[in-house]
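K.L.:
For reference, this is my_file.json, and it has JSON, C-alpha atoms.
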[["chain", "number", "residue", "atom", "x", "y", "z"],
["A", 1, "MET", "CA", 2.92, -10.23, -11.57],
["A", 2, "ARG", "CA", 4.09, -7.58, -9.18],
["A", 3, "LEU", "CA", 5.14, -4.14, -10.26],
["A", 4, "SER", "CA", 7.66, -2.07, -8.44],
["A", 5, "ALA", "CA", 7.48, 1.68, -8.35],
["A", 6, "THR", "CA", 10.04, 1.77, -11.11],
["A", 7, "THR", "CA", 8.30, -0.63, -13.48],
["A", 8, "PRO", "CA", 7.77, 1.24, -16.73],
["A", 9, "THR", "CA", 4.01, 1.37, -17.07],
["A", 10, "THR", "CA", 4.27, 2.43, -20.69],
["A", 11, "ASP", "CA", 5.83, -0.92, -21.54],
["A", 12, "PRO", "CA", 3.36, -2.86, -23.72],
["A", 13, "SER", "CA", 3.97, -6.06, -21.76],
["A", 14, "THR", "CA", 3.03, -4.27, -18.54],
["A", 15, "ARG", "CA", -0.15, -2.92, -20.05],
["A", 16, "ARG", "CA", -1.18, -6.19, -21.68],
["A", 17, "PRO", "CA", -3.23, -7.50, -18.72],
["A", 18, "VAL", "CA", -5.22, -4.27, -18.74],
["A", 19, "GLU", "CA", -6.00, -4.54, -22.44],
["A", 20, "ALA", "CA", -6.82, -8.24, -22.04],
["A", 21, "ALA", "CA", -9.29, -7.62, -19.21],
["A", 22, "ILE", "CA", -11.05, -4.88, -21.18],
["A", 23, "GLU", "CA", -11.35, -7.12, -24.22],
["A", 24, "ARG", "CA", -12.32, -10.29, -22.36],
["A", 25, "HIS", "CA", -15.14, -8.67, -20.40],
["A", 26, "ASP", "CA", -16.16, -6.15, -23.08],
["A", 27, "LEU", "CA", -15.50, -3.19, -20.77],
["A", 28, "LEU", "CA", -15.37, 0.50, -21.42],
["A", 29, "ALA", "CA", -11.84, 1.91, -21.46],
["A", 30, "THR", "CA", -12.15, 4.96, -19.26],
["A", 31, "GLY", "CA", -9.49, 7.19, -17.77],
["A", 32, "GLY", "CA", -8.49, 10.50, -16.33],
["A", 33, "SER", "CA", -5.74, 12.55, -14.83],
["A", 34, "ASP", "CA", -6.41, 11.95, -11.09],
["A", 35, "ALA", "CA", -5.94, 15.70, -10.84],
["A", 36, "HIS", "CA", -5.64, 17.19, -7.38],
["A", 37, "ASP", "CA", -4.96, 20.65, -8.79],
["A", 38, "GLU", "CA", -6.41, 22.69, -11.66],
["A", 39, "THR", "CA", -4.53, 20.98, -14.48],
["A", 40, "LEU", "CA", -6.94, 18.65, -16.24],
["A", 41, "GLY", "CA", -6.60, 16.44, -19.28],
["A", 42, "LEU", "CA", -3.20, 14.88, -18.59],
["A", 43, "ALA", "CA", -4.88, 11.59, -19.47],
["A", 44, "GLY", "CA", -8.31, 10.52, -20.59],
["A", 45, "PRO", "CA", -10.22, 8.58, -23.21],
["A", 46, "PRO", "CA", -10.32, 9.73, -26.84],
["A", 47, "ALA", "CA", -13.52, 10.97, -28.46],
["A", 48, "ASP", "CA", -14.86, 7.62, -29.70],
["A", 49, "THR", "CA", -14.65, 6.06, -26.25],
["A", 50, "VAL", "CA", -16.25, 9.11, -24.67],
["A", 51, "GLY", "CA", -19.21, 8.60, -26.99],
["A", 52, "ALA", "CA", -19.79, 5.10, -25.65],
["A", 53, "PHE", "CA", -19.42, 6.36, -22.10],
["A", 54, "ARG", "CA", -21.96, 9.14, -22.67],
["A", 55, "THR", "CA", -24.39, 6.68, -24.21],
["A", 56, "ARG", "CA", -24.19, 4.40, -21.20],
["A", 57, "LEU", "CA", -24.86, 7.29, -18.84],
["A", 58, "ARG", "CA", -27.69, 8.69, -20.95],
["A", 59, "LYS", "CA", -29.54, 5.39, -21.02],
["A", 60, "ALA", "CA", -29.28, 5.12, -17.28],
["A", 61, "VAL", "CA", -30.38, 8.58, -16.26],
["A", 62, "ARG", "CA", -33.21, 9.01, -18.75],
["B", 63, "MET", "CA", -1.14, 9.38, -26.90],
["B", 64, "GLU", "CA", -4.30, 10.47, -28.61],
["B", 65, "GLN", "CA", -5.70, 13.77, -27.34],
["B", 66, "PRO", "CA", -8.03, 13.10, -24.40],
["B", 67, "ALA", "CA", -11.61, 14.20, -25.05],
["B", 68, "ALA", "CA", -12.60, 13.71, -21.43],
["B", 69, "ASP", "CA", -11.03, 13.67, -17.99],
["B", 70, "LEU", "CA", -12.96, 11.17, -15.91],
["B", 71, "HIS", "CA", -10.95, 11.30, -12.70],
["B", 72, "ILE", "CA", -10.51, 14.56, -10.83],
["B", 73, "HIS", "CA", -10.60, 15.71, -7.21],
["B", 74, "THR", "CA", -12.01, 18.98, -5.96],
["B", 75, "THR", "CA", -12.17, 20.89, -2.72],
["B", 76, "ALA", "CA", -14.93, 18.45, -1.67],
["B", 77, "SER", "CA", -12.06, 16.07, -0.90],
["B", 78, "ASP", "CA", -8.33, 16.69, -1.17],
["B", 79, "GLY", "CA", -8.16, 18.63, -4.44],
["B", 80, "THR", "CA", -7.84, 22.37, -4.99],
["B", 81, "LEU", "CA", -10.26, 22.81, -7.91],
["B", 82, "THR", "CA", -13.72, 24.25, -7.27],
["B", 83, "VAL", "CA", -16.83, 23.55, -9.35],
["B", 84, "GLU", "CA", -16.86, 27.24, -10.27],
["B", 85, "ALA", "CA", -13.35, 26.99, -11.73],
["B", 86, "LEU", "CA", -13.98, 23.65, -13.42],
["B", 87, "PRO", "CA", -15.29, 24.88, -16.82],
["B", 88, "ALA", "CA", -12.26, 27.11, -17.37],
["B", 89, "ALA", "CA", -9.90, 24.30, -16.38],
["B", 90, "ALA", "CA", -11.69, 21.96, -18.81],
["B", 91, "ASP", "CA", -11.41, 24.54, -21.58],
["B", 92, "ARG", "CA", -7.68, 24.94, -20.98],
["B", 93, "ALA", "CA", -7.28, 21.17, -21.25],
["B", 94, "ASP", "CA", -9.58, 21.02, -24.30],
["B", 95, "VAL", "CA", -11.78, 18.32, -22.78],
["B", 96, "GLU", "CA", -15.55, 18.31, -23.20],
["B", 97, "VAL", "CA", -16.47, 15.91, -20.39],
["B", 98, "VAL", "CA", -15.18, 15.96, -16.81],
["B", 99, "ALA", "CA", -16.10, 13.52, -14.05],
["B", 100, "VAL", "CA", -15.79, 14.79, -10.48],
["B", 101, "THR", "CA", -14.62, 11.81, -8.44],
["B", 102, "ASP", "CA", -13.89, 12.92, -4.92],
["B", 103, "HIS", "CA", -12.74, 10.41, -2.31],
["B", 104, "ASP", "CA", -15.64, 8.76, -0.47],
["B", 105, "ARG", "CA", -17.86, 11.75, -1.21],
["B", 106, "ILE", "CA", -20.40, 12.92, -3.76],
["B", 107, "HIS", "CA", -19.85, 16.58, -4.52],
["B", 108, "PRO", "CA", -22.61, 18.48, -2.71],
["B", 109, "ASP", "CA", -22.84, 21.20, -5.39],
["B", 110, "LEU", "CA", -23.63, 18.87, -8.31],
["B", 111, "SER", "CA", -27.40, 18.52, -8.43],
["B", 112, "ALA", "CA", -27.78, 15.62, -10.89],
["B", 113, "PRO", "CA", -25.85, 12.62, -12.23],
["B", 114, "VAL", "CA", -24.89, 14.62, -15.33],
["B", 115, "VAL", "CA", -25.03, 18.40, -15.57],
["B", 116, "GLU", "CA", -23.91, 20.96, -18.12],
["B", 117, "ILE", "CA", -21.88, 23.84, -16.70],
["B", 118, "ASP", "CA", -20.81, 26.58, -19.12],
["B", 119, "GLY", "CA", -20.74, 24.12, -22.01],
["B", 120, "VAL", "CA", -18.83, 21.39, -20.17],
["B", 121, "THR", "CA", -20.51, 18.08, -19.39],
["B", 122, "VAL", "CA", -19.87, 17.37, -15.72],
["B", 123, "VAL", "CA", -20.45, 13.82, -14.54],
["B", 124, "ARG", "CA", -21.14, 13.38, -10.85],
["B", 125, "GLY", "CA", -18.92, 10.57, -9.66],
["B", 126, "ILE", "CA", -17.09, 9.16, -6.69],
["B", 127, "GLU", "CA", -13.85, 7.35, -5.90],
["B", 128, "LEU", "CA", -14.34, 4.68, -3.27],
["B", 129, "LYS", "CA", -11.50, 2.72, -1.71],
["B", 130, "ILE", "CA", -12.26, -0.93, -1.09],
["B", 131, "GLU", "CA", -10.38, -3.73, 0.60],
["B", 132, "THR", "CA", -9.81, -7.22, -0.79],
["B", 133, "ASP", "CA", -8.15, -10.08, 1.05],
["B", 134, "SER", "CA", -4.77, -9.03, -0.32],
["B", 135, "GLN", "CA", -4.80, -5.34, -1.19],
["B", 136, "ARG", "CA", -6.74, -2.11, -1.39],
["B", 137, "LEU", "CA", -8.28, -0.99, -4.67],
["B", 138, "ASP", "CA", -10.04, 2.15, -5.85],
["B", 139, "LEU", "CA", -13.35, 2.09, -7.68],
["B", 140, "LEU", "CA", -14.74, 4.98, -9.70],
["B", 141, "GLY", "CA", -18.51, 5.32, -9.89],
["B", 142, "TYR", "CA", -19.97, 7.53, -12.64],
["B", 143, "GLY", "CA", -23.37, 9.20, -12.92],
["B", 144, "VAL", "CA", -24.05, 8.47, -9.29],
["B", 145, "GLU", "CA", -27.59, 8.71, -7.95],
["B", 146, "PRO", "CA", -27.02, 7.72, -4.35],
["B", 147, "THR", "CA", -29.11, 4.99, -2.79],
["B", 148, "ASP", "CA", -29.94, 5.15, 0.90],
["B", 149, "ALA", "CA", -27.36, 2.43, 1.51],
["B", 150, "LEU", "CA", -24.61, 4.34, -0.30],
["B", 151, "THR", "CA", -25.49, 7.55, 1.49],
["B", 152, "ALA", "CA", -25.30, 5.76, 4.84],
["B", 153, "GLU", "CA", -21.92, 4.22, 4.01],
["B", 154, "LEU", "CA", -20.47, 7.53, 2.80],
["B", 155, "ASP", "CA", -21.75, 9.28, 5.94],
["B", 156, "ARG", "CA", -20.04, 6.60, 8.01],
["B", 157, "LEU", "CA", -16.79, 6.97, 6.07],
["B", 158, "GLN", "CA", -16.81, 10.75, 6.36],
["B", 159, "GLN", "CA", -17.43, 10.60, 10.13],
["B", 160, "ASP", "CA", -14.58, 8.11, 10.37],
["B", 161, "ARG", "CA", -12.34, 10.52, 8.42],
["B", 162, "VAL", "CA", -13.20, 13.36, 10.80],
["B", 163, "ASP", "CA", -12.63, 11.23, 13.91],
["B", 164, "ARG", "CA", -9.36, 9.90, 12.53],
["B", 165, "ALA", "CA", -8.16, 13.38, 11.53],
["B", 166, "GLU", "CA", -8.80, 14.64, 15.06],
["B", 167, "ARG", "CA", -6.64, 11.83, 16.45],
["B", 168, "ILE", "CA", -3.83, 12.52, 13.96],
["B", 169, "ILE", "CA", -3.92, 16.26, 14.65],
["B", 170, "ASP", "CA", -3.88, 15.69, 18.42],
["B", 171, "CYS", "CA", -0.86, 13.43, 18.02],
["B", 172, "VAL", "CA", 1.08, 15.90, 15.86],
["B", 173, "GLU", "CA", 0.25, 18.84, 18.14],
["B", 174, "SER", "CA", 1.29, 17.08, 21.33],
["B", 175, "ARG", "CA", 4.35, 15.44, 19.77],
["B", 176, "LEU", "CA", 5.76, 18.69, 18.35],
["B", 177, "ASP", "CA", 4.16, 21.13, 20.78],
["B", 178, "VAL", "CA", 2.62, 23.12, 17.96],
["B", 179, "THR", "CA", -0.89, 24.22, 17.06],
["B", 180, "LEU", "CA", -2.25, 23.26, 13.64],
["B", 181, "ASP", "CA", -4.63, 25.69, 11.97],
["B", 182, "ILE", "CA", -7.09, 23.10, 10.68],
["B", 183, "GLU", "CA", -10.64, 22.10, 11.52],
["B", 184, "PRO", "CA", -11.60, 18.52, 10.66],
["B", 185, "GLU", "CA", -14.63, 18.45, 8.39],
["B", 186, "PRO", "CA", -16.08, 16.03, 5.82],
["B", 187, "GLY", "CA", -13.66, 15.32, 3.00],
["B", 188, "ILE", "CA", -10.58, 15.69, 5.17],
["B", 189, "GLY", "CA", -7.61, 13.47, 4.46],
["B", 190, "ARG", "CA", -3.96, 13.35, 5.34],
["B", 191, "PRO", "CA", -2.97, 15.85, 2.60],
["B", 192, "HIS", "CA", -4.99, 18.53, 4.40],
["B", 193, "ILE", "CA", -3.16, 17.76, 7.63],
["B", 194, "ALA", "CA", 0.23, 17.74, 5.87],
["B", 195, "ARG", "CA", -0.52, 21.19, 4.45],
["B", 196, "ALA", "CA", -1.46, 22.43, 7.93],
["B", 197, "ILE", "CA", 1.79, 21.03, 9.34],
["B", 198, "GLU", "CA", 3.71, 22.87, 6.60],
["B", 199, "ARG", "CA", 1.97, 26.13, 7.54],
["B", 200, "SER", "CA", 2.68, 25.67, 11.25],
["B", 201, "GLU", "CA", 5.79, 26.20, 13.36],
["B", 202, "ALA", "CA", 6.64, 22.51, 12.93],
["B", 203, "PRO", "CA", 9.97, 21.89, 11.16],
["B", 204, "TYR", "CA", 8.42, 19.96, 8.28],
["B", 205, "GLU", "CA", 7.20, 20.78, 4.83],
["B", 206, "TYR", "CA", 4.45, 18.79, 3.13],
["B", 207, "GLN", "CA", 6.45, 15.72, 2.18],
["B", 208, "GLY", "CA", 8.42, 15.77, 5.42],
["B", 209, "ALA", "CA", 5.16, 15.75, 7.35],
["B", 210, "PHE", "CA", 4.23, 12.53, 5.60],
["B", 211, "ASP", "CA", 7.67, 10.97, 5.85],
["B", 212, "HIS", "CA", 8.26, 11.74, 9.51],
["B", 213, "LEU", "CA", 4.78, 11.80, 11.03],
["B", 214, "ILE", "CA", 1.71, 10.60, 9.16],
["B", 215, "ARG", "CA", 2.82, 8.06, 6.55],
["B", 216, "ASP", "CA", 1.38, 4.58, 6.87],
["B", 217, "GLY", "CA", 2.92, 3.22, 10.07],
["B", 218, "GLY", "CA", 4.34, 6.61, 11.04],
["B", 219, "PRO", "CA", 4.27, 7.82, 14.66],
["B", 220, "CYS", "CA", 1.03, 9.78, 14.17],
["B", 221, "TYR", "CA", -0.59, 7.49, 11.64],
["B", 222, "VAL", "CA", -4.13, 6.39, 12.35],
["B", 223, "PRO", "CA", -5.73, 3.91, 9.93],
["B", 224, "ARG", "CA", -9.15, 4.66, 8.54],
["B", 225, "SER", "CA", -12.12, 2.48, 7.83],
["B", 226, "ILE", "CA", -12.20, 0.89, 4.36],
["B", 227, "THR", "CA", -15.27, -0.63, 2.72],
["B", 228, "PRO", "CA", -14.96, -4.37, 1.98],
["B", 229, "LEU", "CA", -14.76, -5.41, -1.71],
["B", 230, "ASP", "CA", -18.17, -7.05, -2.19],
["B", 231, "ARG", "CA", -19.97, -4.35, -0.26],
["B", 232, "GLY", "CA", -18.25, -1.60, -2.22],
["B", 233, "ILE", "CA", -19.03, -3.13, -5.60],
["B", 234, "ASP", "CA", -22.68, -3.69, -4.61],
["B", 235, "LEU", "CA", -23.09, -0.15, -3.29],
["B", 236, "LEU", "CA", -21.65, 1.45, -6.42],
["B", 237, "THR", "CA", -23.29, -0.79, -9.02],
["B", 238, "ASP", "CA", -26.68, -0.07, -7.41],
["B", 239, "ALA", "CA", -26.07, 3.69, -7.58],
["B", 240, "CYS", "CA", -23.96, 4.23, -10.72],
["B", 241, "PRO", "CA", -24.56, 3.22, -14.36],
["B", 242, "VAL", "CA", -20.82, 2.88, -14.88],
["B", 243, "VAL", "CA", -18.35, 1.54, -12.31],
["B", 244, "ALA", "CA", -14.66, 1.37, -13.17],
["B", 245, "LEU", "CA", -11.52, -0.06, -11.63],
["B", 246, "ALA", "CA", -9.16, 2.88, -11.14],
["B", 247, "HIS", "CA", -5.50, 2.89, -12.24],
["B", 248, "PRO", "CA", -4.93, -0.92, -12.36],
["B", 249, "LEU", "CA", -1.16, -0.60, -12.70],
["B", 250, "ARG", "CA", -0.79, 1.31, -9.46],
["B", 251, "TYR", "CA", -1.58, -1.66, -7.25],
["B", 252, "ASP", "CA", 0.94, -4.09, -5.82],
["B", 253, "ASP", "CA", -0.73, -6.88, -7.76],
["B", 254, "PRO", "CA", -2.43, -5.53, -10.91],
["B", 255, "VAL", "CA", -3.41, -8.97, -12.21],
["B", 256, "ALA", "CA", -5.27, -9.77, -8.99],
["B", 257, "ALA", "CA", -6.94, -6.36, -9.18],
["B", 258, "LEU", "CA", -8.03, -7.01, -12.76],
["B", 259, "ASP", "CA", -9.56, -10.32, -11.70],
["B", 260, "HIS", "CA", -12.43, -8.27, -10.28],
["B", 261, "ALA", "CA", -13.03, -6.44, -13.56],
["B", 262, "ASP", "CA", -15.66, -8.93, -14.71],
["B", 263, "ARG", "CA", -17.98, -7.50, -12.05],
["B", 264, "LEU", "CA", -17.45, -3.94, -13.28],
["B", 265, "ASP", "CA", -18.33, -1.88, -16.36],
["B", 266, "ALA", "CA", -15.01, -0.24, -17.12],
["B", 267, "VAL", "CA", -11.29, -0.12, -16.45],
["B", 268, "GLU", "CA", -9.25, 3.05, -16.22],
["B", 269, "ARG", "CA", -7.05, 2.46, -19.23],
["B", 270, "TYR", "CA", -5.87, 6.07, -19.62],
["B", 271, "TYR", "CA", -3.89, 7.26, -16.62],
["B", 272, "PRO", "CA", -0.74, 9.39, -16.15],
["B", 273, "TYR", "CA", 1.38, 6.69, -14.54],
["B", 274, "ASP", "CA", 4.54, 8.56, -15.42],
["B", 275, "ARG", "CA", 3.49, 11.52, -13.32],
["B", 276, "SER", "CA", 3.99, 11.65, -9.60],
["B", 277, "VAL", "CA", 0.42, 11.75, -8.38],
["B", 278, "ASP", "CA", -0.85, 12.17, -4.91],
["B", 279, "GLN", "CA", -0.70, 8.62, -3.62],
["B", 280, "THR", "CA", -1.54, 9.58, -0.10],
["B", 281, "ALA", "CA", -5.16, 10.54, -0.41],
["B", 282, "GLY", "CA", -6.14, 8.29, 2.46]]
Turn the structure described in the file into structure tokens.
P.N.:
Amino acid sequence: MRLSATTPTTDPSTRRPVEAAIERHDLLATGGSDAHDETLGLAGPPADTVGAFRTRLRKAVR
Amino acid sequence: MEQPAADLHIHTTASDGTLTVEALPAAADRADVEVVAVTDHDRIHPDLSAPVVEIDGVTVVRGIELKIETDSQRLDLLGYGVEPTDALTAELDRLQQDRVDRAERIIDCVESRLDVTLDIEPEPGIGRPHIARAIERSEAPYEYQGAFDHLIRDGGPCYVPRSITPLDRGIDLLTDACPVVALAHPLRYDDPVAALDHADRLDAVERYYPYDRSVDQTAG
């Protein structure tokens, strides 16, 4: 599959490979805004996912 | 979309962003996020003293965004909670020196081509956006986007490629130094499915990303 710049990335069929990879390999679903300015939070994981992310970091840095 | 509780991909003045660590807590408060990961290009923010720190009530994760090269395309990896190994430090030093050398060549080209002087000093973290901003500030007849389009875009008359870490090397360097390594923005690549084929070697995929927003795609 190749996506052009105009491919709607909100289309469920476009996003399906992402969801499938996360499920198949039991991965964390992370995310962020890729902010280059001072506006944060345009995208990011919800609270339950952040909990799993924090746990993974805490185990590692303890 | 559900309200984000974290923003795990941001750039600061340590690379090509405009946010400082000092201004980060207020920016996080405005966005109502409790966790922020600082992921500058090819660079670990020098002012973050540990893999995870609390600053004014905001959890700040020290991270990095590293571009890597596969046989068919370039991908971006995000490393979180980074505690740099000697090998990673050496590779990042090499990449930053390459950025400085490359910026000097681009600046020389622009200055001689347009007979202008750019008010910019190449230093670690520099990328083409910095040079485009300097062109906009100069006597040259280009604003930011025009500088890219006419001068420094990939293949442009003053474009100079930079060194990119190979795929296997990049994954090894980050997985040795970071408890969580993610594939960034999978739907931004020419071939997302091929990009996702590498996900089994990683810990995470950047599922939440503002694809509908025009982001800076020119960070290299």
K.L.:
Determine the nearest neighbour of chain B from the options A:Ser13, A:Arg54, A:Ala20, A:Gly32, counting all atoms listed in the file.
P.N.:
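Closest to chain B, using all atoms listed in the file: A:Gly32.
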K.L.:
Quick one: contact table of chain A to chain B, 6 Å max, nearest atom pair and distance in Å to one decimal per residue, counting all atoms listed in the file, chain and number order, as CSV?
P.N.:
residue,atom,partner,partner_atom,distance
A:Arg2,CA,B:Asp253,CA,5.1
A:His25,CA,B:Asp262,CA,5.7
A:Leu27,CA,B:Ala266,CA,4.7
A:Leu28,CA,B:Ala266,CA,4.4
A:Ala29,CA,B:Arg269,CA,5.3
A:Thr30,CA,B:Glu268,CA,4.6
A:Gly31,CA,B:Tyr270,CA,4.2
A:Gly32,CA,B:Asp69,CA,4.4
A:Ser33,CA,B:His71,CA,5.8
A:Asp34,CA,B:His71,CA,4.9
A:Ala35,CA,B:Ile72,CA,4.7
A:His36,CA,B:Gly79,CA,4.1
A:Asp37,CA,B:Thr80,CA,5.1
A:Glu38,CA,B:Leu81,CA,5.4
A:Leu40,CA,B:Ala93,CA,5.6
A:Gly41,CA,B:Ala93,CA,5.2
A:Ala43,CA,B:Tyr271,CA,5.3
A:Gly44,CA,B:Pro66,CA,4.6
A:Pro45,CA,B:Pro66,CA,5.2
A:Pro46,CA,B:Pro66,CA,4.7
A:Ala47,CA,B:Ala67,CA,5.1
A:Ala60,CA,B:Pro241,CA,5.9
K.L.:
Go ahead and save the picked residues with C-alpha atoms, as a JSON list (two decimals), in the frame of the given file.
P.N.:
[["chain", "number", "residue", "atom", "x", "y", "z"],
["A", 2, "ARG", "CA", 4.09, -7.58, -9.18],
["A", 25, "HIS", "CA", -15.14, -8.67, -20.40],
["A", 27, "LEU", "CA", -15.50, -3.19, -20.77],
["A", 28, "LEU", "CA", -15.37, 0.50, -21.42],
["A", 29, "ALA", "CA", -11.84, 1.91, -21.46],
["A", 30, "THR", "CA", -12.15, 4.96, -19.26],
["A", 31, "GLY", "CA", -9.49, 7.19, -17.77],
["A", 32, "GLY", "CA", -8.49, 10.50, -16.33],
["A", 33, "SER", "CA", -5.74, 12.55, -14.83],
["A", 34, "ASP", "CA", -6.41, 11.95, -11.09],
["A", 35, "ALA", "CA", -5.94, 15.70, -10.84],
["A", 36, "HIS", "CA", -5.64, 17.19, -7.38],
["A", 37, "ASP", "CA", -4.96, 20.65, -8.79],
["A", 38, "GLU", "CA", -6.41, 22.69, -11.66],
["A", 40, "LEU", "CA", -6.94, 18.65, -16.24],
["A", 41, "GLY", "CA", -6.60, 16.44, -19.28],
["A", 43, "ALA", "CA", -4.88, 11.59, -19.47],
["A", 44, "GLY", "CA", -8.31, 10.52, -20.59],
["A", 45, "PRO", "CA", -10.22, 8.58, -23.21],
["A", 46, "PRO", "CA", -10.32, 9.73, -26.84],
["A", 47, "ALA", "CA", -13.52, 10.97, -28.46],
["A", 60, "ALA", "CA", -29.28, 5.12, -17.28]]
K.L.:
Calculate how many Å separate CA of Thr39 (chain A) from CA of His192 (chain B), rounding to one decimal.
P.N.:
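Here the two named atoms are 19.0 Å from each other.
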K.L.:
What are the centre and edge lengths in Å, to one decimal, of the axis-aligned box around all listed atoms of region 45-49 of chain A with 3 Å added on each side, as lines of an AutoDock Vina configuration file?
P.N.:
center_x = -12.5
center_y = 8.5
center_z = -26.5
size_x = 10.6
size_y = 10.9
size_z = 12.5
K.L.:
Tell me which residues come within 12 Å of (-5.2, 26.3, 14.8), as a CSV table (one decimal) with C-alpha atoms, in the frame of the given file, counting all atoms listed in the file in the file's coordinates.
P.N.:
chain,number,residue,atom,x,y,z
B,169,ILE,CA,-3.9,16.3,14.6
B,170,ASP,CA,-3.9,15.7,18.4
B,173,GLU,CA,0.2,18.8,18.1
B,178,VAL,CA,2.6,23.1,18.0
B,179,THR,CA,-0.9,24.2,17.1
B,180,LEU,CA,-2.2,23.3,13.6
B,181,ASP,CA,-4.6,25.7,12.0
B,182,ILE,CA,-7.1,23.1,10.7
B,183,GLU,CA,-10.6,22.1,11.5
B,184,PRO,CA,-11.6,18.5,10.7
B,193,ILE,CA,-3.2,17.8,7.6
B,196,ALA,CA,-1.5,22.4,7.9
B,197,ILE,CA,1.8,21.0,9.3
B,199,ARG,CA,2.0,26.1,7.5
B,200,SER,CA,2.7,25.7,11.2
B,201,GLU,CA,5.8,26.2,13.4
K.L.:
Could you tell me how far CA of Ile233 (chain B) lies from CA of Ala149 (chain B), in Å and to one decimal?
P.N.:
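One can read the CA of Ile233 (chain B) to CA of Ala149 (chain B) distance as 12.3 Å.
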K.L.:
Restrict the output to region 11-57 of chain A and C-alpha atoms, then write it as an mmCIF file, in the first residue's frame.
P.N.:
data_model
loop_
_atom_site.group_PDB
_atom_site.id
_atom_site.type_symbol
_atom_site.label_atom_id
_atom_site.label_comp_id
_atom_site.auth_asym_id
_atom_site.auth_seq_id
_atom_site.Cartn_x
_atom_site.Cartn_y
_atom_site.Cartn_z
ATOM 1 C CA ASP A 11 -10.049 6.594 7.084
ATOM 2 C CA PRO A 12 -10.382 3.366 9.104
ATOM 3 C CA SER A 13 -9.055 1.285 6.211
ATOM 4 C CA THR A 14 -5.913 3.425 6.116
ATOM 5 C CA ARG A 15 -5.372 3.041 9.830
ATOM 6 C CA ARG A 16 -6.048 -0.691 9.909
ATOM 7 C CA PRO A 17 -2.420 -1.781 9.343
ATOM 8 C CA VAL A 18 -1.372 0.358 12.299
ATOM 9 C CA GLU A 19 -3.961 -1.190 14.594
ATOM 10 C CA ALA A 20 -3.091 -4.666 13.307
ATOM 11 C CA ALA A 21 0.625 -4.236 14.000
ATOM 12 C CA ILE A 22 -0.043 -2.979 17.527
ATOM 13 C CA GLU A 23 -2.321 -5.927 18.246
ATOM 14 C CA ARG A 24 -0.173 -8.586 16.585
ATOM 15 C CA HIS A 25 3.005 -7.626 18.420
ATOM 16 C CA ASP A 26 1.335 -6.500 21.658
ATOM 17 C CA LEU A 27 2.794 -2.990 21.373
ATOM 18 C CA LEU A 28 2.101 0.165 23.293
ATOM 19 C CA ALA A 29 0.024 2.688 21.350
ATOM 20 C CA THR A 30 1.947 5.903 21.874
ATOM 21 C CA GLY A 31 1.605 9.263 20.193
ATOM 22 C CA GLY A 32 2.147 12.970 20.246
ATOM 23 C CA SER A 33 1.770 16.209 18.407
ATOM 24 C CA ASP A 34 5.236 16.465 16.767
ATOM 25 C CA ALA A 35 5.090 20.040 18.006
ATOM 26 C CA HIS A 36 7.737 22.425 16.737
ATOM 27 C CA ASP A 37 6.107 25.362 18.519
ATOM 28 C CA GLU A 38 4.534 25.860 21.952
ATOM 29 C CA THR A 39 1.185 24.244 21.189
ATOM 30 C CA LEU A 40 1.166 20.805 22.776
ATOM 31 C CA GLY A 41 -1.484 18.124 23.042
ATOM 32 C CA LEU A 42 -2.817 18.165 19.476
ATOM 33 C CA ALA A 43 -2.511 14.387 19.648
ATOM 34 C CA GLY A 44 -1.452 11.874 22.248
ATOM 35 C CA PRO A 45 -2.476 8.731 24.071
ATOM 36 C CA PRO A 46 -5.424 8.719 26.488
ATOM 37 C CA ALA A 47 -4.957 8.202 30.217
ATOM 38 C CA ASP A 48 -5.148 4.396 30.299
ATOM 39 C CA THR A 49 -2.394 4.038 27.707
ATOM 40 C CA VAL A 50 -0.252 6.599 29.491
ATOM 41 C CA GLY A 51 -0.459 4.432 32.594
ATOM 42 C CA ALA A 52 1.041 1.471 30.753
ATOM 43 C CA PHE A 53 3.729 3.714 29.289
ATOM 44 C CA ARG A 54 4.645 5.104 32.708
ATOM 45 C CA THR A 55 4.812 1.603 34.152
ATOM 46 C CA ARG A 56 7.222 0.474 31.458
ATOM 47 C CA LEU A 57 9.484 3.456 32.087
#
